[in-house]
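Input: a single structure, listed below in C-alpha cells.
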Amino acid sequence: MNAKTGKRKNNRIRLTGWDYAFHSVNYFLYFVFTLLCLYPFYYIIINSLSDGTMVDLGRVLWYPVGFTLSNYRKMLALSNIYTSAVVSVLRTVIGTVCGVFATAYAAYFFSKPNMWRHKLWYRLVIITMYFSAGLIPGYMNIRSLGLLDSFAVYIIPGLISVYNMVLIKTYFESIPAALEESAQIDGAGVLRRFFWVALPLSVPILATITLFTAVGQWNSFTDTLLYITNGKLYTLQYILQMYFRQADILSKQLANGVMDSSIVENMVGSISTASIRLTITVIVTFPIMCVYPFVQRYFLKGIMIGAVKG
Amino acid sequence: MTVSAGAKKKKFDREGFIYFLFIVPVIAYILLFKYKPLTGWYYAFTNYKVGMKSEAVTYVGLKNFANLFINEAYMKQVMQVVLNTLIMAFMSIFLSSPLTVTFAICLNEMNSSRARKLVQTITTLPHFISVVTLYSVVYFMLSNSGFVNTLLLNWGKIDTPINFLATPDHTYLKMWLYGVWKNLGWNAIVYIAAIAGIDQELYEAAMIDGAGRLQRILHITVPGIIPTFFVLLVINIGNLLNTGYEMQYVFQNSMNLKYIQTIDLYVYNQGISEGNIPFATAVGMLKSVIALVLFTTANTLSKTIRGSSVF
C-alpha cells in the first residue's frame, strides 16, 4: 500500500493535460455522488430540528429554520414509542448475542472434519442457503410452532445464519491445530476448547459477524410485518413503516370514496405530523450513523472475507 | 506418538461421535426451521382458507396450479409479475454490475488516497440503513413536499409538484436508482479489493512501455477483476428470481402496484394480505423450483466456462 501511494506521488509530477481533465471530471463525479449519499440524511436531520410550520411550508432546505426540539418531544409523547424502542433494543441485543453464539457453536463443530458423518450433516445445512420452501410455507411453519405474536419470533428463526457459519468455520479452520491439541493434552474437553481456545482466537471474525447481525436485527421489519399483530411487540422500524403506510391507505380510501369522517380525523391527526416521521427516521438511523465510522473497517474486512470465499 | 495406529483410529472415532452429539441440536434446528416448511407445500394442493379447521381442509389436486393457466385474471397478473421480476433482475445484472465495476475502477484512479477513503466511507453508509429508512429518505427527497420539488418550485422551474412516488411511470428505473443509491458503494468494495490484489509491477511495467491511463485500465485492471465479475454474475443469475419483497413492499402503493409487484411481493400480497394461501403457495413453489433450475444452470455454465463451480 505504501509503495502504491509512493508511486502515485511520483506520478503526480508528470501529469499531462489529459490527466488533469480526467481527474477533474473524476473528482467531480465522486463529489456529486458522495454528496448525494450524505445530503438526504442531513436534510432529514435539519428538518427534524426545525419548526413544524416551516417544515410544512418547505422553508427548511439548507439549515434548520426556527431551531426547536419540540418535534422530538412530540414524538416521545407518542404512547407506542417507548415500548417499540425497548423491543427494538432488546431484539437487537438478545438476537445478536444468541445468534452469534449459536452460529459460532455450529461453525466450531462443523470445523471438525472427523465428526461422525460430517459430510452428510454439513451438506444438509449448506443446501438451505440455496433452496428454501418459500414465504408462505415458512409463515405456516412459524405459526404451527406457536411463535406468532411472541418476542421469540425475533430471535429463534434467525438464530443460525448458514452464510455466517461458513465464514466463521473457515476462520476456525485457519487456527493452528496445535493450539487446540495442547489444550486437549492439558485435559480440556470439547466445550472448554471451544470457549477458551477457539472463540478468543477468532475475535476479528466474531466482531465482524456481530456487527452484521446487529445491523440486520436493528433494521429488520418484515418479521414484525409477518408474525406480529400485538402492538406491544412492534419495533421502531415497523412503527416508522406504519406512519408512511397510513398515507397510502388514506389516499386509497379517499379515492374509493369509502371514508368515514371519524377515521379521516383520526388519521389526519397522525399524517399531518411529518415531524413524527422525521424524528423516528433520525432515531432509527442514529445508532447506525454513530457506530458506523468506528466499525467501518470491520465491515470492510467482513466483505473481504466473504469475497475471498465466494 | 507411540500409540499404535489401531488405537489412534479408535480414539478418533469416539471424538468424532462426541462432535456429532454436540451438532445434533444444530441439525434439529435446521430440520425444524429450514426443512419442515417444505411440508407446507401441501397447502398448494388444498382449498385451505385462513381460520379453517384442519378437518375441513380437502385435497384439490393441481387445481391451484391450473388456476395459473386457466383463470385469465390470475394468468394476466402472474405474467405481469414475472415480467416485472425479470426486468428488475436484468436491470440489476446488466446495468448495476458494469456500473459497479466502473465505480471501483475510477475510484482506484483517484490519486489522493484520503479522498478515496472518504468517498468509500460515505458511499457505503446507505447500505446499512433499513429499507424503511430508505423509503423515508426517498420520501423526504422526492414527495410532493420533498426537497427536490420544493427546490424546483422555489426556482420557478415547475408550477405544480411532480409526484415521483405515487405514479406508475418509470417504476423500474426508479427502483433501480434507489437500489444503486443504497448499494453502489458497498457492492464496489469487492472489486476494490480485487483491484488492490493486482500486482503493482504490472502497472509499472506498462507505464515504462508507455501505456496511457486507458490502456492500463483496459489491459491490466479489467482483466484483473474479470474473475470476480464472473463469480458475482453467476451468483446473480442464480438469484435472479429472489428479488425479495421488503423493498417492493415498502415502496408499493395503489398507483405503482402493477409494475412494482415482483414474484416475491405477489406471493406476500396474495398469501398474507389476501389470505389466498393455497394459490400463493403454488406460485411460491413454482418460483422455488425455477430458481433451483436457474441456479444449477448458472453453476454448470460456470463449471464449463471457467472450469470451477462457484458453489
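Ordered as shown in the C-alpha cells, chains take letters A, B, and onward, while each chain numbers its residues from 1 and ligands are numbered from 1 in the order shown.
Contact shell of Ile155 (chain A) at 12 Å (only C-alpha atoms; same-chain neighbours under 4 positions omitted): Val87, Ser88, Leu90, Arg91, Thr92, Val93, Ile94, Gly95, Thr96, Val97, Cys98, Gly99, Val100, Ala102, Leu147, Ser150, Phe151, Leu159, Ile160, Ser161, Thr213, Ala214, Gly216, Gln217, Trp218, Ser220, Asp223 and Thr224 of chain A.
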Can you write out the residues you just picked, keeping N, CA and C atoms, as a compact mmCIF listing (two decimals), in the first residue's frame?
```txt
# COMPACT_ATOMS: atom_id res chain seq x y z
N VAL A 87 -38.44 -2.84 22.56
CA VAL A 87 -38.46 -4.08 21.77
C VAL A 87 -37.31 -4.09 20.78
N SER A 88 -37.10 -2.94 20.10
CA SER A 88 -36.01 -2.87 19.11
C SER A 88 -34.66 -3.14 19.75
N LEU A 90 -34.02 -4.62 22.67
CA LEU A 90 -33.93 -5.97 23.20
C LEU A 90 -33.69 -7.00 22.10
N ARG A 91 -34.43 -6.85 21.01
CA ARG A 91 -34.27 -7.85 19.94
C ARG A 91 -32.87 -7.75 19.35
N THR A 92 -32.35 -6.52 19.27
CA THR A 92 -31.01 -6.37 18.71
C THR A 92 -29.98 -7.01 19.64
N VAL A 93 -30.07 -6.71 20.93
CA VAL A 93 -29.08 -7.23 21.88
C VAL A 93 -29.20 -8.75 22.00
N ILE A 94 -30.41 -9.21 22.34
CA ILE A 94 -30.59 -10.66 22.56
C ILE A 94 -30.37 -11.42 21.26
N GLY A 95 -30.96 -10.91 20.19
CA GLY A 95 -30.85 -11.60 18.90
C GLY A 95 -29.40 -11.72 18.45
N THR A 96 -28.62 -10.66 18.69
CA THR A 96 -27.22 -10.69 18.25
C THR A 96 -26.40 -11.63 19.11
N VAL A 97 -26.55 -11.52 20.43
CA VAL A 97 -25.77 -12.37 21.33
C VAL A 97 -26.08 -13.84 21.06
N CYS A 98 -27.37 -14.17 21.07
CA CYS A 98 -27.75 -15.57 20.86
C CYS A 98 -27.37 -16.03 19.46
N GLY A 99 -27.64 -15.18 18.47
CA GLY A 99 -27.38 -15.56 17.09
C GLY A 99 -25.92 -15.83 16.83
N VAL A 100 -25.06 -14.91 17.29
CA VAL A 100 -23.63 -15.09 17.03
C VAL A 100 -23.12 -16.32 17.79
N ALA A 102 -24.84 -19.04 18.70
CA ALA A 102 -25.32 -20.27 18.07
C ALA A 102 -24.58 -20.53 16.76
N LEU A 147 -45.16 -19.57 17.33
CA LEU A 147 -44.28 -18.42 17.58
C LEU A 147 -44.92 -17.09 17.19
N SER A 150 -45.10 -13.56 19.43
CA SER A 150 -44.26 -13.72 20.61
C SER A 150 -42.91 -13.07 20.33
N PHE A 151 -42.27 -12.62 21.38
CA PHE A 151 -40.98 -11.97 21.20
C PHE A 151 -39.95 -12.93 20.61
N LEU A 159 -31.69 -17.60 14.26
CA LEU A 159 -30.62 -17.90 15.20
C LEU A 159 -29.33 -18.30 14.50
N ILE A 160 -29.42 -19.26 13.59
CA ILE A 160 -28.21 -19.70 12.90
C ILE A 160 -28.25 -19.18 11.47
N SER A 161 -27.27 -18.35 11.13
CA SER A 161 -27.15 -17.91 9.75
C SER A 161 -26.11 -18.80 9.08
N THR A 213 -24.82 -8.91 12.22
CA THR A 213 -26.05 -9.43 12.82
C THR A 213 -26.82 -8.31 13.52
N ALA A 214 -26.09 -7.47 14.23
CA ALA A 214 -26.76 -6.40 14.97
C ALA A 214 -27.46 -5.44 14.01
N GLY A 216 -28.50 -6.12 11.03
CA GLY A 216 -29.63 -6.86 10.47
C GLY A 216 -30.81 -6.88 11.42
N GLN A 217 -30.53 -7.14 12.69
CA GLN A 217 -31.60 -7.19 13.69
C GLN A 217 -32.27 -5.83 13.84
N TRP A 218 -31.46 -4.81 13.96
CA TRP A 218 -31.99 -3.46 14.16
C TRP A 218 -32.83 -3.02 12.97
N SER A 220 -34.38 -4.94 10.71
CA SER A 220 -35.39 -5.87 10.24
C SER A 220 -36.80 -5.35 10.52
N ASP A 223 -40.17 -9.32 9.77
CA ASP A 223 -40.66 -10.31 10.72
C ASP A 223 -41.82 -9.74 11.55
N THR A 224 -41.75 -8.46 11.86
CA THR A 224 -42.88 -7.84 12.54
C THR A 224 -44.10 -7.85 11.62
```
Give the residues of chain B that lie within 6 Å of chain A; count only C-alpha atoms, and format the answer as a list in words.
->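 Result, ordered by chain then number: Gly16, Phe17, Tyr19, Phe20, Pro37, Leu38, Gly40, Thr123, Ser130, Val132, Thr281 and Gly284 of chain B.
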Would you put the residues from that selection into a file with N, CA, C and O atoms, as a PDB file, in the first residue's frame?
```pdb
ATOM      1  N   GLY B  16     -15.031 -38.140  17.159  1.00  0.00           N
ATOM      2  CA  GLY B  16     -15.927 -37.760  16.075  1.00  0.00           C
ATOM      3  C   GLY B  16     -17.377 -37.904  16.485  1.00  0.00           C
ATOM      4  O   GLY B  16     -18.224 -37.081  16.113  1.00  0.00           O
ATOM      5  N   PHE B  17     -17.643 -38.933  17.263  1.00  0.00           N
ATOM      6  CA  PHE B  17     -19.026 -39.146  17.683  1.00  0.00           C
ATOM      7  C   PHE B  17     -19.446 -38.091  18.697  1.00  0.00           C
ATOM      8  O   PHE B  17     -20.594 -37.646  18.704  1.00  0.00           O
ATOM      9  N   TYR B  19     -18.337 -35.037  18.730  1.00  0.00           N
ATOM     10  CA  TYR B  19     -18.639 -33.852  17.913  1.00  0.00           C
ATOM     11  C   TYR B  19     -20.042 -33.955  17.329  1.00  0.00           C
ATOM     12  O   TYR B  19     -20.782 -32.983  17.298  1.00  0.00           O
ATOM     13  N   PHE B  20     -20.353 -35.149  16.878  1.00  0.00           N
ATOM     14  CA  PHE B  20     -21.681 -35.357  16.290  1.00  0.00           C
ATOM     15  C   PHE B  20     -22.778 -35.056  17.319  1.00  0.00           C
ATOM     16  O   PHE B  20     -23.762 -34.374  17.024  1.00  0.00           O
ATOM     17  N   PRO B  37     -40.647 -26.549   6.814  1.00  0.00           N
ATOM     18  CA  PRO B  37     -41.541 -25.730   5.985  1.00  0.00           C
ATOM     19  C   PRO B  37     -41.898 -26.390   4.657  1.00  0.00           C
ATOM     20  O   PRO B  37     -42.965 -26.104   4.096  1.00  0.00           O
ATOM     21  N   LEU B  38     -41.022 -27.272   4.163  1.00  0.00           N
ATOM     22  CA  LEU B  38     -41.321 -27.930   2.887  1.00  0.00           C
ATOM     23  C   LEU B  38     -42.644 -28.682   2.955  1.00  0.00           C
ATOM     24  O   LEU B  38     -43.343 -28.800   1.947  1.00  0.00           O
ATOM     25  N   GLY B  40     -45.182 -27.608   4.132  1.00  0.00           N
ATOM     26  CA  GLY B  40     -46.215 -26.615   3.870  1.00  0.00           C
ATOM     27  C   GLY B  40     -46.601 -26.539   2.405  1.00  0.00           C
ATOM     28  O   GLY B  40     -47.614 -25.940   2.056  1.00  0.00           O
ATOM     29  N   THR B 123     -20.015   6.559   0.723  1.00  0.00           N
ATOM     30  CA  THR B 123     -20.919   5.885  -0.207  1.00  0.00           C
ATOM     31  C   THR B 123     -21.337   4.504   0.291  1.00  0.00           C
ATOM     32  O   THR B 123     -22.291   3.932  -0.218  1.00  0.00           O
ATOM     33  N   SER B 130     -32.037   0.696   6.914  1.00  0.00           N
ATOM     34  CA  SER B 130     -33.068  -0.287   6.595  1.00  0.00           C
ATOM     35  C   SER B 130     -33.855   0.156   5.367  1.00  0.00           C
ATOM     36  O   SER B 130     -33.780   1.311   4.967  1.00  0.00           O
ATOM     37  N   VAL B 132     -36.970   0.550   5.270  1.00  0.00           N
ATOM     38  CA  VAL B 132     -37.959   1.531   5.727  1.00  0.00           C
ATOM     39  C   VAL B 132     -37.329   2.922   5.745  1.00  0.00           C
ATOM     40  O   VAL B 132     -37.921   3.901   5.283  1.00  0.00           O
ATOM     41  N   THR B 281     -48.970 -20.278  -2.227  1.00  0.00           N
ATOM     42  CA  THR B 281     -48.003 -21.355  -2.045  1.00  0.00           C
ATOM     43  C   THR B 281     -47.625 -21.966  -3.388  1.00  0.00           C
ATOM     44  O   THR B 281     -46.451 -22.253  -3.645  1.00  0.00           O
ATOM     45  N   GLY B 284     -45.303 -19.656  -5.127  1.00  0.00           N
ATOM     46  CA  GLY B 284     -44.003 -19.729  -4.466  1.00  0.00           C
ATOM     47  C   GLY B 284     -43.255 -21.002  -4.789  1.00  0.00           C
ATOM     48  O   GLY B 284     -42.034 -20.996  -4.992  1.00  0.00           O
TER      49      GLY B 284
END
```
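The gap separating CA of Tyr135 (chain B) from CA of Leu76 (chain A) is 21.9 Å, in Å to one decimal.
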Practice problem: Find the residues around Leu78 (chain A) up to 12 Å (only C-alpha atoms counted), leave out those fewer than 5 positions away in its own chain, and share them as a PyMOL selection string. | Solution: chain A and resi 71-73+83-85+239+270+273+276-277+279-280
### Task
Would you kindly return, as a VMD selection string, each protein, DNA or RNA residue with an atom no farther than 9 Å from any atom of Leu134 (chain B), considering only C-alpha atoms and excluding same-chain residues fewer than 4 positions away?
chain B and resid 126 129 to 130 138 to 139 178 182 247
The residue from B:Cys106, B:Ile220, B:Leu99, B:Val250 with the smallest atom-to-atom distance to Thr133 (chain B), counting only C-alpha atoms, is B:Val250
